[in-house]
$ cat input.txt   # compact mmCIF, C-alpha atoms and all ligand atoms
# COMPACT_ATOMS: atom_id res chain seq x y z
CA MET A 1 87.90 -0.26 103.50
CA SER A 2 89.83 2.99 103.25
CA HIS A 3 92.78 3.62 105.57
CA ALA A 4 93.11 7.26 104.58
CA PRO A 5 93.66 9.37 107.67
CA ALA A 6 90.73 11.44 108.82
CA ARG A 7 91.15 14.98 107.60
CA PRO A 8 89.17 17.55 109.54
CA LEU A 9 89.69 20.11 106.79
CA ASP A 10 90.46 19.81 103.11
CA PRO A 11 94.20 20.68 102.90
CA GLN A 12 93.49 22.99 100.01
CA ALA A 13 90.92 24.86 102.08
CA TRP A 14 93.49 25.10 104.90
CA ALA A 15 96.19 26.35 102.52
CA ALA A 16 93.76 28.87 101.05
CA LEU A 17 92.92 30.13 104.54
CA THR A 18 96.45 30.43 105.88
CA ARG A 19 97.96 31.78 102.66
CA SER A 20 95.31 34.43 102.20
CA ARG A 21 95.63 35.83 105.75
CA HIS A 22 97.33 39.18 105.84
CA SER A 23 97.55 42.15 108.13
CA VAL A 24 94.66 44.60 107.86
CA ARG A 25 95.44 48.26 108.56
CA ASP A 26 92.14 49.94 107.77
CA PHE A 27 88.85 48.90 109.36
CA ARG A 28 85.17 49.71 109.15
CA PRO A 29 83.81 50.99 112.47
CA ASP A 30 81.09 48.30 112.55
CA PRO A 31 81.21 46.42 115.86
CA ILE A 32 82.01 42.71 115.91
CA PRO A 33 78.99 40.72 117.10
CA GLU A 34 79.69 39.41 120.60
CA ALA A 35 79.17 35.77 119.55
CA VAL A 36 81.67 36.11 116.70
CA LEU A 37 84.24 37.75 118.98
CA ARG A 38 83.87 35.04 121.60
CA ALA A 39 84.15 32.32 118.94
CA VAL A 40 87.42 33.81 117.66
CA LEU A 41 88.85 34.06 121.19
CA THR A 42 87.66 30.55 122.04
CA ASP A 43 89.42 29.22 118.93
CA ALA A 44 92.54 31.22 119.80
CA ILE A 45 93.01 29.60 123.20
CA THR A 46 92.91 26.10 121.72
CA ALA A 47 96.59 26.75 120.84
CA PRO A 48 99.05 24.40 122.56
CA SER A 49 101.11 25.67 125.50
CA TRP A 50 103.88 24.51 127.82
CA SER A 51 102.40 21.79 130.06
CA ASN A 52 99.05 23.27 129.10
CA THR A 53 99.72 26.13 131.51
CA GLN A 54 98.28 28.77 129.15
CA PRO A 55 100.68 31.39 130.54
CA TYR A 56 98.95 34.31 128.82
CA ARG A 57 95.96 36.55 129.41
CA LEU A 58 93.88 38.46 126.88
CA ALA A 59 92.27 41.84 127.51
CA VAL A 60 89.53 42.82 125.07
CA ALA A 61 88.50 46.42 124.54
CA SER A 62 85.47 47.48 122.48
CA GLY A 63 83.16 50.51 122.57
CA GLU A 64 83.86 53.18 125.16
CA LEU A 65 86.79 51.30 126.68
CA ARG A 66 88.43 50.91 123.27
CA ASP A 67 87.97 54.63 122.61
CA ARG A 68 89.47 55.58 125.98
CA ILE A 69 92.56 53.37 125.58
CA SER A 70 93.09 54.48 121.99
CA ALA A 71 92.81 58.17 123.01
CA GLU A 72 95.33 57.64 125.82
CA LEU A 73 97.78 55.90 123.49
CA CYS A 74 97.40 58.67 120.89
CA ALA A 75 98.01 61.31 123.58
CA ARG A 76 101.22 59.54 124.62
CA TYR A 77 102.31 59.17 121.02
CA ASP A 78 101.65 62.88 120.37
CA ALA A 79 103.57 63.91 123.50
CA GLY A 80 106.48 61.65 122.50
CA MET A 81 106.51 63.07 118.98
CA ARG A 82 106.42 66.64 120.25
CA ALA A 83 109.49 65.82 122.33
CA ARG A 84 111.28 64.24 119.36
CA ARG A 85 110.34 66.75 116.71
CA GLY A 86 109.66 69.83 118.84
CA GLY A 87 111.85 72.35 120.55
CA LEU A 88 113.59 72.55 123.88
CA ALA A 89 110.42 73.39 125.82
CA ASP A 90 108.66 70.27 124.50
CA ARG A 91 111.62 68.10 125.41
CA ALA A 92 111.83 69.64 128.85
CA ARG A 93 108.10 69.07 129.46
CA VAL A 94 108.39 65.35 128.62
CA ALA A 95 111.54 65.02 130.74
CA VAL A 96 109.70 66.48 133.73
CA THR A 97 106.25 64.91 133.31
CA ARG A 98 107.52 61.70 131.65
CA HIS A 99 104.20 61.76 129.73
CA GLY A 100 104.95 60.26 126.32
CA LEU A 101 107.99 58.28 127.39
CA PRO A 102 107.53 54.56 126.69
CA ASP A 103 106.48 52.60 129.78
CA GLY A 104 106.07 49.21 128.10
CA ASP A 105 106.96 45.94 129.82
CA PHE A 106 109.30 44.94 126.97
CA ARG A 107 111.74 47.12 125.12
CA VAL A 108 110.84 47.54 121.46
CA PRO A 109 113.96 46.96 119.32
CA GLN A 110 115.36 50.26 118.06
CA ARG A 111 118.21 48.83 116.02
CA TYR A 112 117.62 45.60 114.15
CA PRO A 113 120.39 43.02 113.71
CA ASP A 114 122.26 43.71 110.46
CA ASP A 115 121.07 40.50 108.79
CA LEU A 116 117.40 41.30 109.54
CA GLN A 117 117.54 44.97 108.65
CA PRO A 118 116.99 44.51 104.87
CA ALA A 119 113.70 42.67 105.44
CA ARG A 120 112.59 45.38 107.84
CA VAL A 121 113.40 48.12 105.34
CA ALA A 122 111.68 46.24 102.50
CA CYS A 123 108.54 45.81 104.63
CA GLY A 124 108.42 49.51 105.57
CA ARG A 125 109.10 50.56 102.00
CA GLY A 126 106.36 48.29 100.65
CA LEU A 127 103.86 49.65 103.15
CA TYR A 128 104.69 53.28 102.36
CA ASP A 129 104.51 52.54 98.64
CA VAL A 130 100.92 51.25 98.82
CA LEU A 131 100.06 54.25 101.00
CA GLY A 132 101.71 56.63 98.53
CA ILE A 133 104.02 57.95 101.27
CA ASP A 134 107.44 59.18 100.27
CA ARG A 135 110.06 57.87 102.69
CA ALA A 136 111.40 61.41 103.04
CA ASP A 137 107.94 62.67 104.07
CA ARG A 138 108.37 62.48 107.82
CA PRO A 139 104.99 64.04 108.78
CA ALA A 140 103.16 61.50 106.61
CA ARG A 141 105.18 58.66 108.16
CA ASP A 142 104.43 59.97 111.64
CA ARG A 143 100.72 60.13 110.79
CA GLN A 144 100.81 56.52 109.59
CA MET A 145 102.58 55.46 112.79
CA ARG A 146 99.82 57.21 114.74
CA ARG A 147 97.25 55.03 112.95
CA ASN A 148 98.59 52.16 115.07
CA PHE A 149 97.26 53.91 118.19
CA GLU A 150 93.99 54.76 116.46
CA LEU A 151 93.76 50.95 116.04
CA PHE A 152 93.52 51.66 112.30
CA GLY A 153 89.84 52.43 112.98
CA ALA A 154 89.11 48.93 114.31
CA PRO A 155 86.18 48.57 116.75
CA THR A 156 88.06 46.13 119.00
CA ALA A 157 91.53 45.64 120.38
CA VAL A 158 92.87 42.49 122.03
CA PHE A 159 95.86 42.99 124.32
CA VAL A 160 98.10 39.98 124.92
CA PHE A 161 99.84 39.53 128.28
CA VAL A 162 102.39 36.85 129.17
CA HIS A 163 103.42 35.42 132.52
CA ALA A 164 106.88 36.74 133.40
CA GLY A 165 107.74 33.56 135.32
CA LEU A 166 107.83 31.41 132.18
CA ARG A 167 110.01 33.89 130.29
CA GLU A 168 110.38 33.17 126.58
CA TYR A 169 108.21 30.07 126.81
CA ALA A 170 105.23 32.20 127.75
CA VAL A 171 106.03 34.46 124.79
CA LEU A 172 106.20 31.40 122.57
CA ASP A 173 102.78 30.24 123.78
CA ALA A 174 101.32 33.70 123.25
CA GLY A 175 102.65 33.60 119.69
CA LEU A 176 100.75 30.41 119.07
CA VAL A 177 97.58 32.00 120.45
CA LEU A 178 98.20 35.04 118.30
CA GLN A 179 98.43 33.15 115.03
CA THR A 180 95.42 30.99 115.93
CA LEU A 181 93.47 34.17 116.68
CA LEU A 182 94.52 35.76 113.38
CA LEU A 183 93.42 32.71 111.42
CA ALA A 184 90.18 32.28 113.39
CA ALA A 185 89.36 35.91 112.66
CA HIS A 186 90.23 35.54 108.99
CA ALA A 187 88.08 32.41 108.67
CA ARG A 188 85.10 34.48 109.85
CA GLY A 189 85.68 37.38 107.46
CA LEU A 190 87.33 39.58 110.07
CA GLY A 191 90.60 41.36 109.53
CA ALA A 192 93.34 41.77 112.11
CA CYS A 193 96.73 43.31 112.64
CA ALA A 194 99.13 42.12 115.32
CA GLN A 195 100.81 45.23 116.74
CA GLY A 196 103.94 45.46 118.81
CA ALA A 197 103.21 49.21 118.78
CA LEU A 198 100.28 48.61 121.14
CA ALA A 199 102.70 47.52 123.87
CA ILE A 200 104.99 50.58 123.72
CA TRP A 201 102.84 52.14 126.47
CA ALA A 202 101.46 49.70 129.00
CA GLY A 203 99.97 52.32 131.36
CA PRO A 204 96.65 52.95 129.59
CA VAL A 205 95.99 49.21 129.22
CA ARG A 206 96.98 48.39 132.82
CA GLU A 207 94.69 51.15 134.07
CA ALA A 208 91.77 49.68 132.12
CA PHE A 209 92.08 46.02 133.16
CA ALA A 210 92.78 44.08 136.36
CA VAL A 211 96.18 42.73 135.29
CA PRO A 212 97.85 40.32 137.77
CA ALA A 213 101.30 41.57 138.86
CA GLU A 214 103.18 38.74 137.16
CA TYR A 215 101.74 39.44 133.71
CA ARG A 216 103.52 41.61 131.12
CA LEU A 217 102.00 43.31 128.08
CA LEU A 218 103.48 41.71 124.95
CA CYS A 219 101.47 43.14 122.05
CA GLY A 220 98.01 44.05 120.86
CA VAL A 221 95.78 43.11 117.95
CA SER A 222 93.35 45.38 116.13
CA LEU A 223 90.30 43.43 115.06
CA GLY A 224 87.32 44.24 112.87
CA TYR A 225 85.91 44.22 109.37
CA PRO A 226 88.35 45.40 106.67
CA THR A 227 87.69 48.28 104.33
CA ASP A 228 88.84 48.09 100.72
CA ALA A 229 91.46 50.81 101.29
CA PRO A 230 94.63 50.31 99.23
CA VAL A 231 96.69 49.65 102.38
CA ASN A 232 94.81 46.40 102.85
CA ALA A 233 96.16 45.19 99.52
CA PHE A 234 99.71 45.20 100.92
CA ARG A 235 101.11 41.67 100.70
CA PRO A 236 104.75 41.52 101.77
CA ASP A 237 106.24 38.39 100.30
CA ARG A 238 108.21 35.76 102.18
CA ALA A 239 111.71 34.47 101.79
CA PRO A 240 111.59 31.26 99.76
CA LEU A 241 111.40 28.04 101.77
CA ASP A 242 114.96 27.09 100.87
CA ALA A 243 116.22 30.33 102.40
CA VAL A 244 114.60 29.38 105.69
CA LEU A 245 115.72 25.73 105.71
CA LEU A 246 119.17 25.15 107.15
CA PRO A 247 121.44 23.01 105.02
CA PRO A 248 123.05 19.99 106.71
CA ARG A 249 126.77 20.22 107.43
CA THR A 250 128.75 18.50 104.76
C1 LIG B 1 104.31 40.31 116.88
C2 LIG B 1 103.95 41.21 115.73
C3 LIG B 1 103.97 42.59 115.90
C4 LIG B 1 103.62 43.44 114.83
N1 LIG B 1 103.58 44.80 115.03
C5 LIG B 1 103.06 45.60 114.07
C6 LIG B 1 102.83 46.98 114.34
O1 LIG B 1 103.11 47.49 115.43
N2 LIG B 1 102.28 47.73 113.36
C7 LIG B 1 101.95 47.21 112.12
O2 LIG B 1 101.46 47.95 111.28
N3 LIG B 1 102.17 45.90 111.84
C8 LIG B 1 102.70 45.07 112.79
N4 LIG B 1 102.86 43.73 112.56
C9 LIG B 1 102.46 43.16 111.26
C10 LIG B 1 103.69 42.76 110.42
O3 LIG B 1 104.26 43.89 109.85
C11 LIG B 1 103.21 41.76 109.36
O4 LIG B 1 102.72 40.61 109.99
C12 LIG B 1 104.29 41.38 108.39
O5 LIG B 1 104.74 42.50 107.64
C13 LIG B 1 103.81 40.31 107.41
O6 LIG B 1 102.70 40.78 106.73
P1 LIG B 1 101.29 40.01 106.76
O7 LIG B 1 100.85 39.89 108.19
O8 LIG B 1 100.37 40.89 105.97
O9 LIG B 1 101.49 38.65 106.16
C14 LIG B 1 103.26 42.87 113.57
C15 LIG B 1 103.26 41.48 113.42
C16 LIG B 1 103.60 40.66 114.47
C17 LIG B 1 103.54 39.16 114.28

$ encode --input "input.txt" --output "structure tokens" --more "lines below"
Ligand SMILES: Cc1cc2nc3c(=O)[nH]c(=O)nc-3n(C[C@H](O)[C@H](O)[C@H](O)COP(=O)(O)O)c2cc1C
Amino acid sequence: MSHAPARPLDPQAWAALTRSRHSVRDFRPDPIPEAVLRAVLTDAITAPSWSNTQPYRLAVASGELRDRISAELCARYDAGMRARRGGLADRARVAVTRHGLPDGDFRVPQRYPDDLQPARVACGRGLYDVLGIDRADRPARDRQMRRNFELFGAPTAVFVFVHAGLREYAVLDAGLVLQTLLLAAHARGLGACAQGALAIWAGPVREAFAVPAEYRLLCGVSLGYPTDAPVNAFRPDRAPLDAVLLPPRT
């Protein structure tokens, strides 16, 4: 009789799945069949959470709702960019109307810690390289940033909210849901991109969904079928395992 532990999935199949997942930043407009979308979301919420509280909520936007939110986010991005790149009148308009100023529930880091900055720069550089964007070409970089708010053409966005009362533990649980969602999508041939950018402005998302007062918008995910655009070939590498493992004190 064999005492080998039951293995629900061949480890090689698991490794192939998790190691081949990557962020997708160009999507076909084809809608995701409702059953597939629900299966991905159902898988996602199997993730563990503190005392099984599931201190997160997901808001899913497809079709007309997706278009409306994306248009609102693009309008805010454009207003913000006009204020940053434009003249005095543009800056004054934003100062008065506040349209375009971030209203997210969390502050997006502007300055990265010194020890993390090189990885951030390498990631940005790698992305611009596959897109053929010169780092000095500000308009092209701005256009690429705007693609975030166009959901990279994806037919669906999932917005992730966390319960403020559980602080970082809710964020931790949402992270587990996020990765489970990304892998569940990948397993079904869907592409996805987690996007902190989709939480810079919370207003358009809050207007579109009945969000309980104690929930905060953490991030969004664009979801759909990938194109074969060069940007989807971007594979930022990882620090080697030994760089992540802490050595014992000697
Ligand atoms: C929480 C989170 C937020 C992210 N925000 C963005 C974003 O706003 N825009 C974007 O293009 N990519 C975003 N990414 C994708 C990362 O850049 C990407 O995961 C990382 O470079 C590793 O690449 P990979 O996902 O292809 O393995 C985000 C990823 C995570 C986990």

$ closest_atom_pairs --input "input.txt" --of "segment 47-151 of chain A" --to "segment 219-238 of chain A" --cutoff "10 Å" --atoms "all atoms listed in the file" --output "JSON lines"
{"residue": "A:Leu58", "atom": "CA", "partner": "A:Gly220", "partner_atom": "CA", "distance": 9.2}
{"residue": "A:Ala59", "atom": "CA", "partner": "A:Gly220", "partner_atom": "CA", "distance": 9.1}
{"residue": "A:Val60", "atom": "CA", "partner": "A:Val221", "partner_atom": "CA", "distance": 9.5}
{"residue": "A:Ala61", "atom": "CA", "partner": "A:Ser222", "partner_atom": "CA", "distance": 9.8}
{"residue": "A:Ser62", "atom": "CA", "partner": "A:Leu223", "partner_atom": "CA", "distance": 9.7}
{"residue": "A:Gly104", "atom": "CA", "partner": "A:Cys219", "partner_atom": "CA", "distance": 9.7}
{"residue": "A:Asp105", "atom": "CA", "partner": "A:Cys219", "partner_atom": "CA", "distance": 9.9}
{"residue": "A:Phe106", "atom": "CA", "partner": "A:Cys219", "partner_atom": "CA", "distance": 9.4}
{"residue": "A:Ala119", "atom": "CA", "partner": "A:Arg238", "partner_atom": "CA", "distance": 9.4}
{"residue": "A:Ala122", "atom": "CA", "partner": "A:Pro236", "partner_atom": "CA", "distance": 8.4}
{"residue": "A:Cys123", "atom": "CA", "partner": "A:Pro236", "partner_atom": "CA", "distance": 6.4}
{"residue": "A:Gly124", "atom": "CA", "partner": "A:Pro236", "partner_atom": "CA", "distance": 9.6}
{"residue": "A:Gly126", "atom": "CA", "partner": "A:Pro236", "partner_atom": "CA", "distance": 7.0}
{"residue": "A:Leu127", "atom": "CA", "partner": "A:Phe234", "partner_atom": "CA", "distance": 6.5}
{"residue": "A:Tyr128", "atom": "CA", "partner": "A:Val231", "partner_atom": "CA", "distance": 8.8}
{"residue": "A:Asp129", "atom": "CA", "partner": "A:Phe234", "partner_atom": "CA", "distance": 9.1}
{"residue": "A:Val130", "atom": "CA", "partner": "A:Val231", "partner_atom": "CA", "distance": 5.8}
{"residue": "A:Leu131", "atom": "CA", "partner": "A:Val231", "partner_atom": "CA", "distance": 5.9}
{"residue": "A:Gly132", "atom": "CA", "partner": "A:Val231", "partner_atom": "CA", "distance": 9.4}
{"residue": "A:Asn148", "atom": "CA", "partner": "A:Ser222", "partner_atom": "CA", "distance": 8.6}
{"residue": "A:Phe149", "atom": "CA", "partner": "A:Ser222", "partner_atom": "CA", "distance": 9.6}
{"residue": "A:Glu150", "atom": "CA", "partner": "A:Ser222", "partner_atom": "CA", "distance": 9.4}
{"residue": "A:Leu151", "atom": "CA", "partner": "A:Ser222", "partner_atom": "CA", "distance": 5.6}

$ residues_around --input "input.txt" --residues "Asp103 of chain A" --least-positions-apart "6" --cutoff "9 Å" --atoms "only C-alpha atoms" --output "ChimeraX atom specification"
/A:199-203

$ axis_aligned_box --input "input.txt" --around "ligand LIG 1 (chain B)" --padding-each-side "5 Å" --output "AutoDock Vina command-line options"
--center_x 102.6 --center_y 43.3 --center_z 111.4 --size_x 14.4 --size_y 19.3 --size_z 20.9

$ closest_residue --input "input.txt" --among "A:Tyr77, A:Phe27, A:Trp50, A:Phe152" --to "ligand LIG 1 (chain B)" --atoms "only C-alpha atoms and all ligand atoms"
A:Phe152

$ closest_residue --input "input.txt" --among "A:Arg141, A:Arg57, A:Arg249, A:Arg93" --to "Leu217 of chain A" --atoms "only C-alpha atoms"
A:Arg57

$ atom_distance --input "input.txt" --atom1 "atom CA of Val158 of chain A" --atom2 "atom CA of Ala194 of chain A"
9.2 Å

$ closest_residue --input "input.txt" --among "A:Asp26, A:Glu214, A:Asp43, A:Asp115" --to "ligand LIG 1 (chain B)" --atoms "only C-alpha atoms and all ligand atoms"
A:Asp26

$ atom_distance --input "input.txt" --atom1 "atom CA of Ala164 of chain A" --atom2 "atom CA of Leu73 of chain A"
23.4 Å

$ atom_distance --input "input.txt" --atom1 "atom CA of Phe159 of chain A" --atom2 "atom CA of Ala185 of chain A"
15.1 Å

$ residues_around --input "input.txt" --residues "His99 of chain A" --least-positions-apart "2" --cutoff "12 Å" --atoms "all atoms listed in the file" --output "PyMOL selection string"
chain A and resi 72-83+90-97+101-103+201+203-204

$ closest_residue --input "input.txt" --among "A:Ser20, A:Thr42, A:Thr156, A:Thr53" --to "Arg68 of chain A" --atoms "all atoms listed in the file"
A:Thr156

$ closest_residue --input "input.txt" --among "A:Ala157, A:Leu176, A:Leu88, A:Leu37" --to "Val205 of chain A" --atoms "only C-alpha atoms"
A:Ala157

$ closest_residue --input "input.txt" --among "A:Cys193, A:Val211, A:Val177, A:Leu245" --to "ligand LIG 1 (chain B)" --atoms "only C-alpha atoms and all ligand atoms"
A:Cys193

$ decode --input "input.txt" --residues "segment 51-62 of chain A" --atoms "all heavy atoms" --output "PDB file, in the first residue's frame"
ATOM      1  N   SER A  51      -9.079  34.655  10.849  1.00  0.00           N
ATOM      2  CA  SER A  51     -10.290  34.111  11.489  1.00  0.00           C
ATOM      3  C   SER A  51     -11.424  33.924  10.487  1.00  0.00           C
ATOM      4  O   SER A  51     -12.598  33.993  10.838  1.00  0.00           O
ATOM      5  CB  SER A  51     -10.781  35.015  12.627  1.00  0.00           C
ATOM      6  OG  SER A  51      -9.811  35.103  13.633  1.00  0.00           O
ATOM      7  N   ASN A  52     -11.029  33.707   9.244  1.00  0.00           N
ATOM      8  CA  ASN A  52     -12.008  33.498   8.163  1.00  0.00           C
ATOM      9  C   ASN A  52     -13.007  34.654   8.051  1.00  0.00           C
ATOM     10  O   ASN A  52     -14.158  34.466   7.675  1.00  0.00           O
ATOM     11  CB  ASN A  52     -12.756  32.169   8.375  1.00  0.00           C
ATOM     12  CG  ASN A  52     -13.317  31.622   7.070  1.00  0.00           C
ATOM     13  OD1 ASN A  52     -12.838  31.935   5.984  1.00  0.00           O
ATOM     14  ND2 ASN A  52     -14.350  30.812   7.175  1.00  0.00           N
ATOM     15  N   THR A  53     -12.526  35.856   8.372  1.00  0.00           N
ATOM     16  CA  THR A  53     -13.427  37.020   8.346  1.00  0.00           C
ATOM     17  C   THR A  53     -13.677  37.547   6.935  1.00  0.00           C
ATOM     18  O   THR A  53     -14.601  38.330   6.721  1.00  0.00           O
ATOM     19  CB  THR A  53     -12.848  38.173   9.195  1.00  0.00           C
ATOM     20  OG1 THR A  53     -11.491  38.388   8.779  1.00  0.00           O
ATOM     21  CG2 THR A  53     -12.893  37.848  10.679  1.00  0.00           C
ATOM     22  N   GLN A  54     -12.787  37.190   6.012  1.00  0.00           N
ATOM     23  CA  GLN A  54     -12.880  37.695   4.632  1.00  0.00           C
ATOM     24  C   GLN A  54     -13.123  39.218   4.627  1.00  0.00           C
ATOM     25  O   GLN A  54     -14.139  39.696   4.123  1.00  0.00           O
ATOM     26  CB  GLN A  54     -13.996  36.961   3.878  1.00  0.00           C
ATOM     27  CG  GLN A  54     -13.723  35.472   3.742  1.00  0.00           C
ATOM     28  CD  GLN A  54     -14.735  34.786   2.848  1.00  0.00           C
ATOM     29  OE1 GLN A  54     -15.590  34.045   3.308  1.00  0.00           O
ATOM     30  NE2 GLN A  54     -14.647  35.046   1.555  1.00  0.00           N
ATOM     31  N   PRO A  55     -12.144  39.966   5.166  1.00  0.00           N
ATOM     32  CA  PRO A  55     -12.362  41.407   5.331  1.00  0.00           C
ATOM     33  C   PRO A  55     -12.085  42.210   4.055  1.00  0.00           C
ATOM     34  O   PRO A  55     -11.347  43.193   4.050  1.00  0.00           O
ATOM     35  CB  PRO A  55     -11.360  41.771   6.420  1.00  0.00           C
ATOM     36  CG  PRO A  55     -10.224  40.823   6.173  1.00  0.00           C
ATOM     37  CD  PRO A  55     -10.829  39.540   5.660  1.00  0.00           C
ATOM     38  N   TYR A  56     -12.659  41.750   2.964  1.00  0.00           N
ATOM     39  CA  TYR A  56     -12.485  42.415   1.660  1.00  0.00           C
ATOM     40  C   TYR A  56     -13.813  42.352   0.925  1.00  0.00           C
ATOM     41  O   TYR A  56     -14.698  41.542   1.239  1.00  0.00           O
ATOM     42  CB  TYR A  56     -11.392  41.709   0.831  1.00  0.00           C
ATOM     43  CG  TYR A  56     -11.611  40.220   0.763  1.00  0.00           C
ATOM     44  CD1 TYR A  56     -12.547  39.686  -0.117  1.00  0.00           C
ATOM     45  CD2 TYR A  56     -10.924  39.344   1.599  1.00  0.00           C
ATOM     46  CE1 TYR A  56     -12.795  38.327  -0.159  1.00  0.00           C
ATOM     47  CE2 TYR A  56     -11.173  37.982   1.571  1.00  0.00           C
ATOM     48  CZ  TYR A  56     -12.108  37.484   0.694  1.00  0.00           C
ATOM     49  OH  TYR A  56     -12.380  36.135   0.664  1.00  0.00           O
ATOM     50  N   ARG A  57     -13.953  43.201  -0.061  1.00  0.00           N
ATOM     51  CA  ARG A  57     -15.103  43.151  -0.970  1.00  0.00           C
ATOM     52  C   ARG A  57     -14.581  43.373  -2.376  1.00  0.00           C
ATOM     53  O   ARG A  57     -13.588  44.086  -2.570  1.00  0.00           O
ATOM     54  CB  ARG A  57     -16.142  44.238  -0.630  1.00  0.00           C
ATOM     55  CG  ARG A  57     -16.864  44.006   0.704  1.00  0.00           C
ATOM     56  CD  ARG A  57     -17.785  42.779   0.645  1.00  0.00           C
ATOM     57  NE  ARG A  57     -18.455  42.533   1.918  1.00  0.00           N
ATOM     58  CZ  ARG A  57     -17.989  41.706   2.876  1.00  0.00           C
ATOM     59  NH1 ARG A  57     -16.827  41.070   2.711  1.00  0.00           N
ATOM     60  NH2 ARG A  57     -18.679  41.530   3.989  1.00  0.00           N
ATOM     61  N   LEU A  58     -15.237  42.748  -3.336  1.00  0.00           N
ATOM     62  CA  LEU A  58     -14.830  42.880  -4.738  1.00  0.00           C
ATOM     63  C   LEU A  58     -15.950  43.554  -5.520  1.00  0.00           C
ATOM     64  O   LEU A  58     -17.131  43.205  -5.344  1.00  0.00           O
ATOM     65  CB  LEU A  58     -14.551  41.495  -5.344  1.00  0.00           C
ATOM     66  CG  LEU A  58     -13.538  40.619  -4.581  1.00  0.00           C
ATOM     67  CD1 LEU A  58     -13.457  39.224  -5.217  1.00  0.00           C
ATOM     68  CD2 LEU A  58     -12.164  41.274  -4.559  1.00  0.00           C
ATOM     69  N   ALA A  59     -15.597  44.513  -6.350  1.00  0.00           N
ATOM     70  CA  ALA A  59     -16.586  45.177  -7.205  1.00  0.00           C
ATOM     71  C   ALA A  59     -16.187  44.912  -8.651  1.00  0.00           C
ATOM     72  O   ALA A  59     -15.057  45.211  -9.053  1.00  0.00           O
ATOM     73  CB  ALA A  59     -16.603  46.676  -6.913  1.00  0.00           C
ATOM     74  N   VAL A  60     -17.098  44.320  -9.400  1.00  0.00           N
ATOM     75  CA  VAL A  60     -16.780  43.883 -10.767  1.00  0.00           C
ATOM     76  C   VAL A  60     -17.492  44.777 -11.777  1.00  0.00           C
ATOM     77  O   VAL A  60     -18.708  44.969 -11.697  1.00  0.00           O
ATOM     78  CB  VAL A  60     -17.219  42.413 -10.970  1.00  0.00           C
ATOM     79  CG1 VAL A  60     -16.818  41.930 -12.363  1.00  0.00           C
ATOM     80  CG2 VAL A  60     -16.603  41.520  -9.901  1.00  0.00           C
ATOM     81  N   ALA A  61     -16.736  45.312 -12.706  1.00  0.00           N
ATOM     82  CA  ALA A  61     -17.314  46.196 -13.722  1.00  0.00           C
ATOM     83  C   ALA A  61     -17.027  45.650 -15.118  1.00  0.00           C
ATOM     84  O   ALA A  61     -15.866  45.459 -15.494  1.00  0.00           O
ATOM     85  CB  ALA A  61     -16.735  47.604 -13.586  1.00  0.00           C
ATOM     86  N   SER A  62     -18.101  45.373 -15.858  1.00  0.00           N
ATOM     87  CA  SER A  62     -17.989  44.983 -17.272  1.00  0.00           C
ATOM     88  C   SER A  62     -18.959  45.859 -18.068  1.00  0.00           C
ATOM     89  O   SER A  62     -19.777  46.569 -17.480  1.00  0.00           O
ATOM     90  CB  SER A  62     -18.369  43.501 -17.460  1.00  0.00           C
ATOM     91  OG  SER A  62     -17.560  42.659 -16.674  1.00  0.00           O
TER      92      SER A  62
END
